[in-house]
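Heads up: the structure comes next, in structure tokens.
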Amino acid sequence: MSTIEISITVNGKSYNESVEPRMTLVDFLRDKLALTGTHVGCEHGVCGACSILLDGTPIRSCLTLAVQANGHNVTTVEGLCDENGETGILQDAFRDAHAMQCGYCIPGMLIASEALLRDTPEPSLEDIKEAIGGNICRCTGYVQIVEAIQLAAERMREARQ
Ligand code: FES
Ligand code: FES
């Protein structure tokens, strides 16, 4: 099959790669760039495990072709760490609030939470439910995930003072 050249920035690093036109963005991230933090669940836009930020907006990378990301900025869950690979307030809050069991949904939950807290520093319970409403967790019952996001919001506000 013919391939197409794409230029894409992922987690601040530029890549030029040839991809088949039908390759999804999640397969590109996982198979070409070895960024396996982005998970594949349903592969048809339902579960949210494959969520990434495209130019800052959370999207389903299973429903996006790699060629559609040409010329754009992508942030994956790996990109939420600092340059030394250290976790930040958001990931630490998920750990401290025991917000994960199997962990499969967590990359998508972190991406959704990152987008929420960037735009809404003091989210209401409804804001949080809305933000993660497209992300399915089979394990936790969501309570600890909501608590983790509230904890992260609180710590971020404290850090800004
Ligand atoms: S794998 Fe993309 S939404 Fe489920
Ligand atoms: S922690 Fe298992 S799916 Fe969410």
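Identifiers in the structure tokens: chain A, B, ... in order shown; residue index from 1 per chain; ligand index from 1 in order shown.
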
Using only C-alpha atoms and all ligand atoms, find each residue of chain A with at least one atom at most 10 Å away from an atom of ligand 1; report its shortest atom-to-atom pair and that distance in Å (one decimal), sort the rows by chain and rising residue number, and return the result as CSV.
residue,atom,partner,partner_atom_place_in_ligand_line,distance
A:Val26,CA,ligand 1,2 (Fe),8.0
A:Thr38,CA,ligand 1,1 (S),9.1
A:His39,CA,ligand 1,1 (S),6.8
A:Val40,CA,ligand 1,1 (S),4.2
A:Gly41,CA,ligand 1,1 (S),3.9
A:Cys42,CA,ligand 1,4 (Fe),3.9
A:Glu43,CA,ligand 1,1 (S),3.8
A:His44,CA,ligand 1,3 (S),5.6
A:Gly45,CA,ligand 1,3 (S),3.3
A:Val46,CA,ligand 1,3 (S),4.3
A:Cys47,CA,ligand 1,4 (Fe),3.8
A:Gly48,CA,ligand 1,3 (S),4.0
A:Ala49,CA,ligand 1,4 (Fe),5.2
A:Cys50,CA,ligand 1,2 (Fe),4.5
A:Ser51,CA,ligand 1,2 (Fe),6.7
A:Ile52,CA,ligand 1,2 (Fe),9.7
A:Ile59,CA,ligand 1,3 (S),8.8
A:Arg60,CA,ligand 1,2 (Fe),5.1
A:Ser61,CA,ligand 1,2 (Fe),6.0
A:Cys62,CA,ligand 1,2 (Fe),4.3
A:Leu63,CA,ligand 1,2 (Fe),6.5
A:Thr64,CA,ligand 1,2 (Fe),9.1
A:Cys105,CA,ligand 1,4 (Fe),9.5
A:Gly108,CA,ligand 1,3 (S),9.0
A:Gly134,CA,ligand 1,3 (S),8.3
A:Asn135,CA,ligand 1,3 (S),7.8
A:Ile136,CA,ligand 1,4 (Fe),8.6

Could those selected residues go to a file with C-alpha atoms, as a PDB file, in the first residue's frame?
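Wrote part.pdb, looks like this:
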ATOM      1  CA  VAL A  26      -3.498   5.373  18.272  1.00  0.00           C
ATOM      2  CA  THR A  38      -2.293   5.406  25.199  1.00  0.00           C
ATOM      3  CA  HIS A  39      -4.485   2.340  25.452  1.00  0.00           C
ATOM      4  CA  VAL A  40      -6.754   0.640  22.942  1.00  0.00           C
ATOM      5  CA  GLY A  41     -10.086  -0.558  24.265  1.00  0.00           C
ATOM      6  CA  CYS A  42     -13.188  -0.602  22.120  1.00  0.00           C
ATOM      7  CA  GLU A  43     -11.619   0.829  18.943  1.00  0.00           C
ATOM      8  CA  HIS A  44     -14.863   2.551  18.023  1.00  0.00           C
ATOM      9  CA  GLY A  45     -15.003   5.691  20.103  1.00  0.00           C
ATOM     10  CA  VAL A  46     -16.918   4.468  23.143  1.00  0.00           C
ATOM     11  CA  CYS A  47     -14.508   3.755  26.012  1.00  0.00           C
ATOM     12  CA  GLY A  48     -12.103   6.728  26.022  1.00  0.00           C
ATOM     13  CA  ALA A  49      -9.021   4.595  26.760  1.00  0.00           C
ATOM     14  CA  CYS A  50      -7.306   6.010  23.666  1.00  0.00           C
ATOM     15  CA  SER A  51      -7.851   9.685  24.587  1.00  0.00           C
ATOM     16  CA  ILE A  52      -5.075  12.112  23.706  1.00  0.00           C
ATOM     17  CA  ILE A  59     -10.021  13.418  21.244  1.00  0.00           C
ATOM     18  CA  ARG A  60     -10.332   9.684  20.563  1.00  0.00           C
ATOM     19  CA  SER A  61      -7.168   8.578  18.812  1.00  0.00           C
ATOM     20  CA  CYS A  62      -8.891   5.372  17.639  1.00  0.00           C
ATOM     21  CA  LEU A  63     -11.293   7.471  15.568  1.00  0.00           C
ATOM     22  CA  THR A  64      -8.581   9.711  14.142  1.00  0.00           C
ATOM     23  CA  CYS A 105      -8.720   3.404  31.744  1.00  0.00           C
ATOM     24  CA  GLY A 108      -7.682   8.376  29.189  1.00  0.00           C
ATOM     25  CA  GLY A 134     -16.915   9.719  27.944  1.00  0.00           C
ATOM     26  CA  ASN A 135     -14.391   7.517  29.720  1.00  0.00           C
ATOM     27  CA  ILE A 136     -15.411   4.071  30.889  1.00  0.00           C
TER      28      ILE A 136
END

Residues up to 7 Å from ligand 2, counting only C-alpha atoms and all ligand atoms: could you list those as number ranges by chain?
A: 100-106, 136-140

Selected residues, N, CA and C atoms, written as a PDB file, in the first residue's frame, please.
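As a result, selection_38.pdb now contains:
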ATOM      1  N   MET A 100      -7.183   3.968  41.002  1.00  0.00           N
ATOM      2  CA  MET A 100      -7.079   2.957  39.941  1.00  0.00           C
ATOM      3  C   MET A 100      -7.036   1.556  40.525  1.00  0.00           C
ATOM      4  N   GLN A 101      -7.577   0.651  39.742  1.00  0.00           N
ATOM      5  CA  GLN A 101      -7.443  -0.770  40.092  1.00  0.00           C
ATOM      6  C   GLN A 101      -6.622  -1.427  38.988  1.00  0.00           C
ATOM      7  N   CYS A 102      -7.245  -1.869  37.905  1.00  0.00           N
ATOM      8  CA  CYS A 102      -6.423  -2.463  36.830  1.00  0.00           C
ATOM      9  C   CYS A 102      -5.617  -1.392  36.107  1.00  0.00           C
ATOM     10  N   GLY A 103      -6.112  -0.158  36.098  1.00  0.00           N
ATOM     11  CA  GLY A 103      -5.380   0.952  35.497  1.00  0.00           C
ATOM     12  C   GLY A 103      -5.596   1.145  34.007  1.00  0.00           C
ATOM     13  N   TYR A 104      -6.374   0.277  33.390  1.00  0.00           N
ATOM     14  CA  TYR A 104      -6.465   0.346  31.927  1.00  0.00           C
ATOM     15  C   TYR A 104      -7.074   1.657  31.440  1.00  0.00           C
ATOM     16  N   CYS A 105      -8.041   2.168  32.165  1.00  0.00           N
ATOM     17  CA  CYS A 105      -8.720   3.404  31.744  1.00  0.00           C
ATOM     18  C   CYS A 105      -7.942   4.660  32.107  1.00  0.00           C
ATOM     19  N   ILE A 106      -6.945   4.529  32.975  1.00  0.00           N
ATOM     20  CA  ILE A 106      -6.352   5.708  33.617  1.00  0.00           C
ATOM     21  C   ILE A 106      -5.671   6.680  32.645  1.00  0.00           C
ATOM     22  N   ILE A 136     -14.849   5.197  30.146  1.00  0.00           N
ATOM     23  CA  ILE A 136     -15.411   4.071  30.889  1.00  0.00           C
ATOM     24  C   ILE A 136     -14.353   3.451  31.795  1.00  0.00           C
ATOM     25  N   CYS A 137     -14.745   3.229  33.059  1.00  0.00           N
ATOM     26  CA  CYS A 137     -13.908   2.462  33.988  1.00  0.00           C
ATOM     27  C   CYS A 137     -14.731   1.264  34.456  1.00  0.00           C
ATOM     28  N   ARG A 138     -14.177   0.078  34.290  1.00  0.00           N
ATOM     29  CA  ARG A 138     -14.892  -1.129  34.681  1.00  0.00           C
ATOM     30  C   ARG A 138     -14.633  -1.504  36.136  1.00  0.00           C
ATOM     31  N   CYS A 139     -13.683  -0.826  36.788  1.00  0.00           N
ATOM     32  CA  CYS A 139     -13.243  -1.310  38.098  1.00  0.00           C
ATOM     33  C   CYS A 139     -13.683  -0.457  39.277  1.00  0.00           C
ATOM     34  N   THR A 140     -13.504   0.851  39.181  1.00  0.00           N
ATOM     35  CA  THR A 140     -13.481   1.659  40.400  1.00  0.00           C
ATOM     36  C   THR A 140     -14.844   2.155  40.864  1.00  0.00           C
TER      37      THR A 140
END

> Neighbours of A:Ser2 within 8 Å (only C-alpha atoms; same-chain residues fewer than 2 positions away dropped), as a list of chain:residue names?
Replying inline: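 With the cut-off at 8 Å, the set is A:Ile4, A:Glu20, A:Pro21.
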
For the residues in the current selection, export N, CA and C atoms as a PDB file, in the first residue's frame.
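Contents of selection_35.pdb, freshly written:
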ATOM      1  N   ILE A   4       2.042   7.857   3.116  1.00  0.00           N
ATOM      2  CA  ILE A   4       2.008   9.326   3.095  1.00  0.00           C
ATOM      3  C   ILE A   4       2.976   9.828   4.168  1.00  0.00           C
ATOM      4  N   GLU A  20       0.635   4.484   6.376  1.00  0.00           N
ATOM      5  CA  GLU A  20      -0.434   4.107   5.467  1.00  0.00           C
ATOM      6  C   GLU A  20      -1.623   5.038   5.734  1.00  0.00           C
ATOM      7  N   PRO A  21      -2.348   5.398   4.700  1.00  0.00           N
ATOM      8  CA  PRO A  21      -3.462   6.341   4.884  1.00  0.00           C
ATOM      9  C   PRO A  21      -4.495   5.860   5.887  1.00  0.00           C
TER      10      PRO A  21
END

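The two atoms in question, atom CA of A:Arg30 and atom CA of A:Asp55, are spaced 18.8 Å apart.
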
List the neighbours of A:Phe28 out to 9 Å using only C-alpha atoms; skip same-chain residues closer than 5 positions along the sequence, and give me the result as a ChimeraX atom specification. /A:19,23,33-35,65-66

Legend entry - helix (DSSP H, G or I) per DSSP on the backbone: members of stretch 15-155 of chain A, as a count of residues only: 58

For A:Ile8, the closest of A:Leu54, A:Gly71, A:Asp82, A:Leu25 counting only C-alpha atoms is A:Gly71

Can you list, as an MDAnalysis selection string, every residue of stretch 20-130 of chain A that DSSP puts in strand (DSSP E or B)? chainID A and resid 24 51:54 57:60 65 73:75

Exercise: stretch 111-122 of chain A partners within 10 Å, only C-alpha atoms, chain neighbours under 2 positions left out, as an NGL selection string:
:A and (38 or 48-53 or 56-59 or 75-77 or 79-80 or 90-91 or 106-109 or 124-125 or 127-128 or 130-135 or 145-146 or 148-150 or 152-154 or 156-157)
